[in-house]
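Chemist: I'm passing along input11.tsv; it holds TSV, C-alpha atoms.
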```tsv
chain	number	residue	atom	x	y	z
O	1298	MET	CA	-4.22	-5.76	-23.69
O	1299	LYS	CA	-6.86	-5.57	-20.95
O	1300	ALA	CA	-4.91	-7.71	-18.46
O	1301	ILE	CA	-4.62	-6.05	-15.04
O	1302	LYS	CA	-1.36	-6.09	-13.10
O	1303	ILE	CA	0.05	-4.54	-9.93
O	1304	SER	CA	1.69	-1.21	-10.65
O	1305	LYS	CA	2.98	-0.70	-7.12
O	1306	LEU	CA	2.42	-1.63	-3.51
O	1307	VAL	CA	2.86	1.11	-0.90
O	1308	ILE	CA	3.33	0.02	2.72
O	1309	ASN	CA	2.83	2.81	5.25
O	1310	CYS	CA	3.68	2.64	8.93
O	1311	CYS	CA	2.46	5.71	10.83
O	1312	VAL	CA	3.93	6.02	14.31
O	1313	GLY	CA	2.69	9.50	15.18
O	1314	GLU	CA	5.97	10.70	16.65
O	1315	SER	CA	9.58	11.08	15.63
O	1316	GLY	CA	12.51	9.55	17.43
O	1317	ASP	CA	13.30	6.03	18.55
O	1318	GLN	CA	9.91	4.52	17.74
O	1319	LEU	CA	10.06	5.79	14.16
O	1320	THR	CA	13.52	4.30	13.61
O	1321	ARG	CA	12.24	0.95	14.90
O	1322	ALA	CA	9.31	1.11	12.47
O	1323	THR	CA	11.82	1.87	9.71
O	1324	ARG	CA	13.74	-1.30	10.61
O	1325	VAL	CA	10.55	-3.36	10.37
O	1326	LEU	CA	9.72	-1.99	6.90
O	1327	GLU	CA	13.29	-2.50	5.74
O	1328	GLU	CA	13.22	-6.12	6.93
O	1329	LEU	CA	9.88	-6.72	5.19
O	1330	SER	CA	10.68	-5.11	1.83
O	1331	GLY	CA	14.46	-5.16	1.57
O	1332	GLN	CA	14.40	-1.45	0.66
O	1333	LYS	CA	15.18	1.72	2.57
O	1334	PRO	CA	11.94	3.43	3.70
O	1335	VAL	CA	11.17	7.12	3.16
O	1336	PHE	CA	9.94	9.37	5.99
O	1337	SER	CA	6.67	11.30	5.88
O	1338	LYS	CA	6.26	14.62	7.64
O	1339	ALA	CA	3.29	16.12	9.46
O	1340	ARG	CA	1.37	18.65	7.37
O	1341	LEU	CA	0.29	20.80	10.30
O	1342	THR	CA	0.66	21.16	14.05
O	1343	VAL	CA	-1.77	19.22	16.24
O	1344	ARG	CA	-1.30	20.25	19.86
O	1345	THR	CA	-3.50	17.50	21.33
O	1346	PHE	CA	-1.24	14.86	19.79
O	1347	SER	CA	1.89	16.97	20.43
O	1348	ILE	CA	2.84	16.88	16.74
O	1349	ARG	CA	4.63	19.81	15.14
O	1350	ARG	CA	4.53	20.81	11.50
O	1351	ASN	CA	7.23	19.16	9.32
O	1352	GLU	CA	8.05	16.67	12.08
O	1353	LYS	CA	8.75	13.13	10.79
O	1354	ILE	CA	5.85	10.97	11.99
O	1355	ALA	CA	5.65	8.04	9.54
O	1356	CYS	CA	7.63	5.98	7.07
O	1357	HIS	CA	6.60	4.24	3.88
O	1358	VAL	CA	8.11	2.11	1.16
O	1359	THR	CA	7.04	1.55	-2.46
O	1360	VAL	CA	7.56	-1.95	-3.87
O	1361	ARG	CA	7.05	-3.01	-7.49
O	1362	GLY	CA	7.15	-6.21	-9.52
O	1363	LYS	CA	7.31	-9.77	-8.22
O	1364	LYS	CA	8.39	-8.60	-4.76
O	1365	ALA	CA	5.18	-6.58	-4.47
O	1366	GLU	CA	3.08	-9.64	-5.30
O	1367	LYS	CA	4.93	-11.72	-2.73
O	1368	ILE	CA	4.48	-9.14	0.06
O	1369	LEU	CA	0.83	-8.60	-0.92
O	1370	GLU	CA	0.25	-12.35	-0.67
O	1371	LYS	CA	1.60	-12.30	2.90
O	1372	GLY	CA	-0.58	-9.32	3.81
O	1373	LEU	CA	-3.72	-10.87	2.35
O	1374	ASN	CA	-2.93	-14.11	4.17
O	1375	VAL	CA	-3.16	-12.17	7.44
O	1376	LYS	CA	-6.61	-10.87	6.38
O	1377	GLU	CA	-7.51	-14.44	5.30
O	1378	PHE	CA	-8.04	-13.19	1.71
O	1379	GLU	CA	-11.19	-11.36	2.78
O	1380	LEU	CA	-11.70	-7.65	2.08
O	1381	LYS	CA	-14.67	-5.30	2.32
O	1382	THR	CA	-16.13	-3.50	-0.69
O	1383	LYS	CA	-15.22	-0.17	0.92
O	1384	ASN	CA	-11.54	-1.21	0.70
O	1385	PHE	CA	-11.76	-0.72	-3.09
O	1386	SER	CA	-11.71	2.78	-4.58
O	1387	GLU	CA	-13.66	3.97	-7.62
O	1388	THR	CA	-10.41	4.22	-9.61
O	1389	GLY	CA	-9.71	0.51	-9.18
O	1390	ASN	CA	-7.12	0.63	-6.43
O	1391	PHE	CA	-7.51	-0.99	-3.04
O	1392	GLY	CA	-5.98	-0.98	0.41
O	1393	PHE	CA	-6.19	-2.57	3.82
O	1394	GLY	CA	-4.45	-2.48	7.19
O	1395	ILE	CA	-3.00	-5.05	9.54
O	1396	GLN	CA	-2.69	-4.72	13.30
O	1397	GLU	CA	0.61	-6.55	13.93
O	1398	HIS	CA	3.60	-6.94	11.65
O	1399	ILE	CA	4.58	-10.25	13.25
O	1400	ASP	CA	1.63	-11.87	11.43
O	1401	LEU	CA	3.56	-11.36	8.17
O	1402	GLY	CA	6.16	-13.92	9.25
O	1403	ILE	CA	8.66	-11.47	10.73
O	1404	LYS	CA	10.11	-12.75	13.98
O	1405	TYR	CA	9.14	-10.79	17.10
O	1406	ASP	CA	11.95	-8.75	18.64
O	1407	PRO	CA	11.30	-7.24	22.11
O	1408	GLY	CA	13.70	-4.39	21.26
O	1409	ILE	CA	11.55	-3.34	18.31
O	1410	GLY	CA	8.00	-4.00	19.50
O	1411	ILE	CA	4.87	-4.47	17.39
O	1412	PHE	CA	3.72	-2.13	14.62
O	1413	GLY	CA	0.62	-2.03	12.46
O	1414	MET	CA	0.81	-0.99	8.84
O	1415	ASP	CA	-1.33	-0.07	5.85
O	1416	PHE	CA	-1.05	-1.72	2.45
O	1417	PHE	CA	-2.20	0.20	-0.63
O	1418	ILE	CA	-2.18	-1.41	-4.05
O	1419	VAL	CA	-2.28	0.52	-7.34
O	1420	LEU	CA	-3.46	-1.51	-10.33
O	1421	GLU	CA	-2.82	-0.77	-14.01
O	1422	ARG	CA	-3.25	-2.15	-17.49
O	1423	PRO	CA	-0.68	-2.20	-20.30
O	1424	GLY	CA	-0.58	1.23	-21.92
O	1425	PHE	CA	-1.12	3.30	-18.77
O	1426	ARG	CA	2.29	4.88	-19.34
O	1427	VAL	CA	0.78	7.21	-21.98
O	1428	SER	CA	-0.66	9.35	-19.18
O	1429	ARG	CA	2.71	9.71	-17.40
O	1430	ARG	CA	5.32	9.94	-20.16
O	1431	LYS	CA	7.03	13.21	-21.12
O	1432	ARG	CA	6.56	13.09	-24.89
O	1433	PHE	CA	3.20	12.61	-26.63
O	1434	ARG	CA	1.34	12.47	-23.34
O	1435	SER	CA	-2.26	11.39	-23.72
O	1436	ARG	CA	-5.29	10.39	-21.68
O	1437	ILE	CA	-6.42	6.86	-20.96
O	1438	GLY	CA	-9.67	5.96	-22.67
O	1439	LEU	CA	-12.82	5.28	-20.70
O	1440	GLN	CA	-12.96	1.63	-21.79
O	1441	HIS	CA	-9.35	1.09	-20.71
O	1442	LYS	CA	-9.64	2.57	-17.19
O	1443	ILE	CA	-9.93	0.21	-14.24
O	1444	THR	CA	-13.20	0.42	-12.32
O	1445	LYS	CA	-14.10	-0.76	-8.84
O	1446	LYS	CA	-15.87	-3.78	-10.32
O	1447	ASP	CA	-12.81	-4.69	-12.42
O	1448	SER	CA	-10.47	-4.59	-9.45
O	1449	ILE	CA	-12.82	-6.70	-7.31
O	1450	GLU	CA	-13.02	-9.31	-10.08
O	1451	TRP	CA	-9.21	-9.26	-10.46
O	1452	PHE	CA	-8.80	-9.76	-6.71
O	1453	LYS	CA	-11.21	-12.72	-6.70
O	1454	THR	CA	-9.56	-14.47	-9.66
O	1455	LYS	CA	-5.90	-13.71	-8.85
O	1456	PHE	CA	-5.96	-14.51	-5.13
O	1457	GLY	CA	-9.18	-16.51	-4.77
O	1458	GLY	CA	-10.35	-14.01	-2.17
O	1459	THR	CA	-13.78	-12.99	-1.05
O	1460	VAL	CA	-15.26	-9.51	-0.92
O	1461	VAL	CA	-17.78	-8.86	1.84
O	1462	ASP	CA	-20.39	-6.09	1.71
O	1463	ASN	CA	-20.26	-3.59	4.57
```
In structure tokens, write the structure found in this file.

Modeler:
Amino acid sequence: MKAIKISKLVINCCVGESGDQLTRATRVLEELSGQKPVFSKARLTVRTFSIRRNEKIACHVTVRGKKAEKILEKGLNVKEFELKTKNFSETGNFGFGIQEHIDLGIKYDPGIGIFGMDFFIVLERPGFRVSRRKRFRSRIGLQHKITKKDSIEWFKTKFGGTVVDN
């Protein structure tokens, strides 16, 4: 009942501008995940970056199940299964970024270019649905919540990775 599993893996690719470059980033995410990415919009106007409010500047995709584990394995392989302690949040989730998508095993295409992306992993235990369901919604007990220490231990045992102090 205390076994930890991956709830979801979110891969974000922020381009910083709309247009052709964003559509190419979308193609990369679609090739990696096999799903259609969703666009993210800018919250406010930043004149120095020439970004307007509600302009599409990034795309992300949410992957669950076995596919999420497989993609996470590729991403951690790029980082050589080594993360920093600051990559782990207090709520037991963790994330990291990679510089080039071609390190994931995707073939380089000069028409697309090279994109970096962020991986964010949300962990859960069986029974976490009680906090999200419509009927008889309840809170998760303190003993059942995932802590930073729990997620680091899960990462070390599941992937045989190392966690380096900052």

Chemist: Between segment 1396-1459 of chain O and segment 1329-1332 of chain O, at 10 Å or less, what are the per-residue closest atom pairs and their distances in Å? Count all atoms listed in the file, order by chain and rising residue number, and return it as a tab-separated table.

Modeler:
```
residue	atom	partner	partner_atom	distance
O:His1398	CA	O:Leu1329	CA	9.0
O:Leu1401	CA	O:Leu1329	CA	8.4
O:Gly1402	CA	O:Leu1329	CA	9.1
O:Ile1403	CA	O:Leu1329	CA	7.4
```

Chemist: What lies within 10 Å of Val1419 of chain O using all atoms listed in the file, ignoring chain neighbours under 5 positions off, as number ranges by chain?

Modeler: O: 1302-1307, 1361, 1388-1392, 1448

Chemist: Choose the residue, out of O:Arg1321, O:Lys1367, O:Arg1340, O:Gly1394, that has the smallest atom-to-atom separation from Glu1379 of chain O; count all atoms listed in the file.

Modeler: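 The answer is O:Gly1394, which sits nearest to Glu1379 of chain O.
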
Chemist: Figure out the distance between atom CA of Glu1314 of chain O and atom CA of Gly1372 of chain O, please, to one decimal in Å.

Modeler: 24.7 Å

Chemist: Which residues are near Phe1346 of chain O? Cut-off 12 Å, all atoms listed in the file, ignore same chain within fewer than 6 positions. Put them as a VMD selection string.

Modeler: chain O and resid 1312 to 1314 1339 1354

Chemist: Determine the nearest neighbour of Glu1421 of chain O from the options O:Val1375, O:Leu1326, O:Ile1443, O:Ile1395, counting all atoms listed in the file.

Modeler: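 The shortest atom-to-atom distance to Glu1421 of chain O comes from O:Ile1443.
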
Chemist: Point out the residue among O:Asn1374, O:Thr1454, O:Thr1323, O:Ser1386 with the least atom-to-atom distance to Val1335 of chain O, counting only C-alpha atoms.

Modeler: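 The shortest atom-to-atom distance to Val1335 of chain O comes from O:Thr1323.
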
Chemist: Got a minute to add N, CA, C and O atoms to segment 1405-1427 of chain O and dump it as an mmCIF file, in the coordinates of the input?

Modeler:
```cif
data_model
loop_
_atom_site.group_PDB
_atom_site.id
_atom_site.type_symbol
_atom_site.label_atom_id
_atom_site.label_comp_id
_atom_site.auth_asym_id
_atom_site.auth_seq_id
_atom_site.Cartn_x
_atom_site.Cartn_y
_atom_site.Cartn_z
ATOM 1 N N TYR O 1405 9.327 -11.831 16.087
ATOM 2 C CA TYR O 1405 9.140 -10.790 17.100
ATOM 3 C C TYR O 1405 10.453 -10.490 17.795
ATOM 4 O O TYR O 1405 11.180 -11.392 18.205
ATOM 5 N N ASP O 1406 10.758 -9.201 17.924
ATOM 6 C CA ASP O 1406 11.950 -8.750 18.640
ATOM 7 C C ASP O 1406 11.491 -7.793 19.735
ATOM 8 O O ASP O 1406 10.889 -6.759 19.437
ATOM 9 N N PRO O 1407 11.754 -8.114 21.018
ATOM 10 C CA PRO O 1407 11.300 -7.240 22.110
ATOM 11 C C PRO O 1407 11.916 -5.841 22.031
ATOM 12 O O PRO O 1407 11.321 -4.874 22.513
ATOM 13 N N GLY O 1408 13.062 -5.703 21.404
ATOM 14 C CA GLY O 1408 13.700 -4.390 21.260
ATOM 15 C C GLY O 1408 12.973 -3.496 20.262
ATOM 16 O O GLY O 1408 13.075 -2.276 20.328
ATOM 17 N N ILE O 1409 12.257 -4.102 19.332
ATOM 18 C CA ILE O 1409 11.550 -3.340 18.310
ATOM 19 C C ILE O 1409 10.096 -3.101 18.716
ATOM 20 O O ILE O 1409 9.583 -1.998 18.627
ATOM 21 N N GLY O 1410 9.409 -4.129 19.145
ATOM 22 C CA GLY O 1410 8.000 -4.000 19.500
ATOM 23 C C GLY O 1410 7.116 -4.455 18.358
ATOM 24 O O GLY O 1410 7.551 -5.147 17.442
ATOM 25 N N ILE O 1411 5.839 -4.062 18.399
ATOM 26 C CA ILE O 1411 4.870 -4.470 17.390
ATOM 27 C C ILE O 1411 4.303 -3.218 16.713
ATOM 28 O O ILE O 1411 3.928 -2.265 17.388
ATOM 29 N N PHE O 1412 4.251 -3.247 15.397
ATOM 30 C CA PHE O 1412 3.720 -2.130 14.620
ATOM 31 C C PHE O 1412 2.633 -2.615 13.678
ATOM 32 O O PHE O 1412 2.726 -3.702 13.114
ATOM 33 N N GLY O 1413 1.627 -1.786 13.477
ATOM 34 C CA GLY O 1413 0.620 -2.030 12.460
ATOM 35 C C GLY O 1413 1.012 -1.271 11.204
ATOM 36 O O GLY O 1413 1.812 -0.339 11.256
ATOM 37 N N MET O 1414 0.463 -1.665 10.092
ATOM 38 C CA MET O 1414 0.810 -0.990 8.840
ATOM 39 C C MET O 1414 -0.335 -1.077 7.844
ATOM 40 O O MET O 1414 -1.200 -1.932 7.948
ATOM 41 N N ASP O 1415 -0.316 -0.133 6.893
ATOM 42 C CA ASP O 1415 -1.330 -0.070 5.850
ATOM 43 C C ASP O 1415 -0.709 -0.496 4.524
ATOM 44 O O ASP O 1415 0.401 -0.093 4.188
ATOM 45 N N PHE O 1416 -1.448 -1.295 3.784
ATOM 46 C CA PHE O 1416 -1.050 -1.720 2.450
ATOM 47 C C PHE O 1416 -1.963 -0.998 1.465
ATOM 48 O O PHE O 1416 -3.182 -1.003 1.635
ATOM 49 N N PHE O 1417 -1.389 -0.401 0.424
ATOM 50 C CA PHE O 1417 -2.200 0.200 -0.630
ATOM 51 C C PHE O 1417 -1.673 -0.264 -1.975
ATOM 52 O O PHE O 1417 -0.476 -0.138 -2.251
ATOM 53 N N ILE O 1418 -2.563 -0.804 -2.787
ATOM 54 C CA ILE O 1418 -2.180 -1.410 -4.050
ATOM 55 C C ILE O 1418 -2.751 -0.592 -5.203
ATOM 56 O O ILE O 1418 -3.945 -0.314 -5.243
ATOM 57 N N VAL O 1419 -1.879 -0.220 -6.141
ATOM 58 C CA VAL O 1419 -2.280 0.520 -7.340
ATOM 59 C C VAL O 1419 -2.235 -0.457 -8.503
ATOM 60 O O VAL O 1419 -1.196 -1.074 -8.764
ATOM 61 N N LEU O 1420 -3.360 -0.600 -9.200
ATOM 62 C CA LEU O 1420 -3.460 -1.510 -10.330
ATOM 63 C C LEU O 1420 -3.368 -0.729 -11.642
ATOM 64 O O LEU O 1420 -3.721 0.445 -11.694
ATOM 65 N N GLU O 1421 -2.905 -1.406 -12.694
ATOM 66 C CA GLU O 1421 -2.820 -0.770 -14.010
ATOM 67 C C GLU O 1421 -2.955 -1.817 -15.104
ATOM 68 O O GLU O 1421 -2.814 -3.012 -14.854
ATOM 69 N N ARG O 1422 -3.205 -1.316 -16.296
ATOM 70 C CA ARG O 1422 -3.250 -2.150 -17.490
ATOM 71 C C ARG O 1422 -2.093 -1.759 -18.399
ATOM 72 O O ARG O 1422 -1.549 -0.664 -18.257
ATOM 73 N N PRO O 1423 -1.712 -2.610 -19.345
ATOM 74 C CA PRO O 1423 -0.680 -2.200 -20.300
ATOM 75 C C PRO O 1423 -1.140 -0.958 -21.058
ATOM 76 O O PRO O 1423 -2.292 -0.861 -21.463
ATOM 77 N N GLY O 1424 -0.249 0.007 -21.210
ATOM 78 C CA GLY O 1424 -0.580 1.230 -21.920
ATOM 79 C C GLY O 1424 -0.880 2.400 -21.005
ATOM 80 O O GLY O 1424 -1.126 3.505 -21.486
ATOM 81 N N PHE O 1425 -0.840 2.207 -19.697
ATOM 82 C CA PHE O 1425 -1.120 3.300 -18.770
ATOM 83 C C PHE O 1425 0.024 4.331 -18.754
ATOM 84 O O PHE O 1425 -0.150 5.429 -18.254
ATOM 85 N N ARG O 1426 1.142 3.971 -19.323
ATOM 86 C CA ARG O 1426 2.290 4.880 -19.340
ATOM 87 C C ARG O 1426 2.003 6.130 -20.176
ATOM 88 O O ARG O 1426 2.599 7.181 -19.936
ATOM 89 N N VAL O 1427 1.066 6.064 -21.117
ATOM 90 C CA VAL O 1427 0.780 7.210 -21.980
ATOM 91 C C VAL O 1427 0.332 8.429 -21.185
ATOM 92 O O VAL O 1427 0.508 9.556 -21.621
#
```
